[in-house]
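Heads up, the thing below is written out as structure tokens.
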Amino acid sequence: YAESGILYPRESATREKLSLDGLWYFSLSTNGSNPREGLTGNVNDHDVALMPVPSSFNDIPTSLGARDHLGAVLYERTFLVPNSWKSDKKIWIRFGSVCYSAEVYINGKLAVSHQIGHLPFAAEITSLLTDDENTVRVIVDTTLTSTSIPQGSISTLPGGRKKLDYTFDFFNYGGIDRPVFLYTTPQTYIDDIHITTTVEGNTGTVAYWVDVAGSLPTITYKVEVIDKNKKVVATNNGANGEIKIANANLWWPYLMDDNPGYLYTLRVQLVSATNNIIDSYSHPFGIRQIGWDSTSVTINGRPIYIRGFGRHEDSDIRGKGLDLPLIIRDHNLIKWIGANAYRTSHYPYAEEIMDLADRLGIMILDEVPAVNTENYNNDLLENHKRSLTELYKRDKNRPSVVIWSIANEPRTQLAESEDYYRHVSAHIKSFDQTRPITIANCYGYDVDHSGQFLDILGVNKYASWYEYPGELDTIVPKVVEQCEGWHKKYNKPVLVTEYGADTLEGYHVLPTYVWSEEFQVKMMAQHFKAFDQLRAQGWFIGEMIWNFADFKTGNDVRRVGGNKKGMFTRERQPKDSAHFLRKRYWNLARKL
Ligand code: GCB
């Protein structure tokens, strides 16, 4: 995947696509010694042996064995390829994400395998197809290891059953979580498009290059920039080039401009010597430039202040499966509350979600699945770097991605983390110098080894929760001291990437007490005081509360039905805190 592009499948004059979403056959059994032979048993004696795609599988069956299944499961379905695809086209299969690893067999032959969940992969399968019905079989494995991103390990419980352990608190959902497509390209095709933009006054400069795969000898390029009204505003005809757009509609974050999230389209066409269109791909993009220094981050020259959240892809029954009603509801709530940003904690989110952020002007801290990295080793480093390569390939052209988050709560207090993060940060910098990078760190600035490699210092801090639970008056001194410490040590902008308190909706206690709605609001009020003091110092660039919504965790006696630090319930209804945060965020945006 590192070698080729991973463009989202889009229909065009030269490309078609078919969805393979729907009900797939499903089995927890992989047929013992030869899993490649396909389906045998059922989910259990009475569950339906069908599984919706996209969805996580864990919360669909009724048995514990299915929910907490360790090891491989099987998905299978059949499909037909239209005759019209069989002439001179390449036929591909593409998975938006399979957690955690996948082996994909087409008619019994291995087509592609992939590890690292939350990232897309594709393979050309033309030669594996028959004229009749085809079978696609996917072996999905949720097992995490000491070198996977994220890490996990297997323990043996009393009684002998094996169990997957992990240090992060979100439930380790597995399955085919995102859409599956069949699509076509011509024999010679656009494999990737790279777009970067810069801004000077009202003029945007669009620098692009196109990677072509295939063997057609003479190709010319027709490259057009098309605005929202479908008007072609500029053209070029090279495999790479720079296009100037005077009076450009710049991409602005939500509430920073009356017209946030403005997207243009870059239409690239390959043209043959005889003037035929060989391939055509239309790529949305925004014109904006990010800048940063020791005290600020700017978009198009204007400093930003981040009002946001950490989030999860999580909902009842579907787990991490892409759910269109849910993601639109979420973005309606994000707009309602006046946020302008979120972090894709703790892994890359679906491309369909990222499309919304691009369109709405929501700034994204785009995070790889590296959560709580520890026991540093070389294979882990290689996988961590690969997760960044694949994320960069997928999201490089997205205007919403303003910061790369290269890890969450890694063990950066350990001396060996220094070399490790030197390499990880150099890796992302080697292919992107247009965006700043951060880590959401939880160990103190005084013991940290990572800040020297970062552009922005992300601070996760649970004052009055994990630290002095319930003691509200400790919040201002602790938060101010920690953020000042980070800034003084490294002279870089500081952003609070997590703070919060678990809260049961409808639980009210006076005087305030942990887990009550009153406590969550009071905890926030103290943080706002701290943030305002920090803002006055000129290098504090934002606040992101943990979490947007309640989410499912593994079994844990510190959690009541999951992590309840949401502003919204898992059903996406507001707690008192959501109304309180809304006042703050709209005031900060100076619109209320
Ligand atoms: C953290 C983690 C996050 C947890 C949160 C919590 O520091 O980054 O994944 O969910 O704390 O609520 O404990």
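Residues are referred to by chain and number: the chain letter is A, B, ... according to the order shown in the structure tokens, the number counts from 1 in that chain, and ligands are numbered separately from 1 in the order shown.
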
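Near ligand 1, at distances of 8 Å or less and with only C-alpha atoms and all ligand atoms counted, sit the residues Phe168, Asp169, Phe170, Ser345, His346, Val371, Asn372, Asn408, Glu409, Ala440, Cys442, Asn460, Lys461, Tyr462, Glu498, Gly500, Ala501, Asp502, Trp546, Asn547, Asn563, Lys564 and Lys565 of chain A.
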
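Between Ile545 of chain A and the residues A:Pro511, A:Ala339, A:Val402, A:Pro574, the shortest atom-to-atom distance, using only C-alpha atoms, involves A:Ala339.
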
Contacts of Leu324 of chain A at 10 Å or less, counting only C-alpha atoms, minus same-chain residues fewer than 6 places along, as a compact mmCIF listing (two decimals) with C-alpha atoms, in the first residue's frame?
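Output file around32.txt follows:
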# COMPACT_ATOMS: atom_id res chain seq x y z
CA ASP A 330 -23.03 13.92 15.34
CA GLU A 352 -17.21 9.43 4.89
CA ILE A 353 -16.80 11.20 8.26

Min atom-atom distance to Ala246 of chain A from the set A:Val479, A:Gly201, A:Ile334, A:Trp486, counting only C-alpha atoms, belongs to A:Gly201

Residue nearest Thr185 of chain A among A:Val557, A:Ala426, A:Leu7, A:Leu255 (counting only C-alpha atoms) = A:Leu7

Of A:Leu50, A:Leu144, A:Gly301, A:Lys488, the one nearest to Asn202 of chain A when counting only C-alpha atoms is A:Gly301
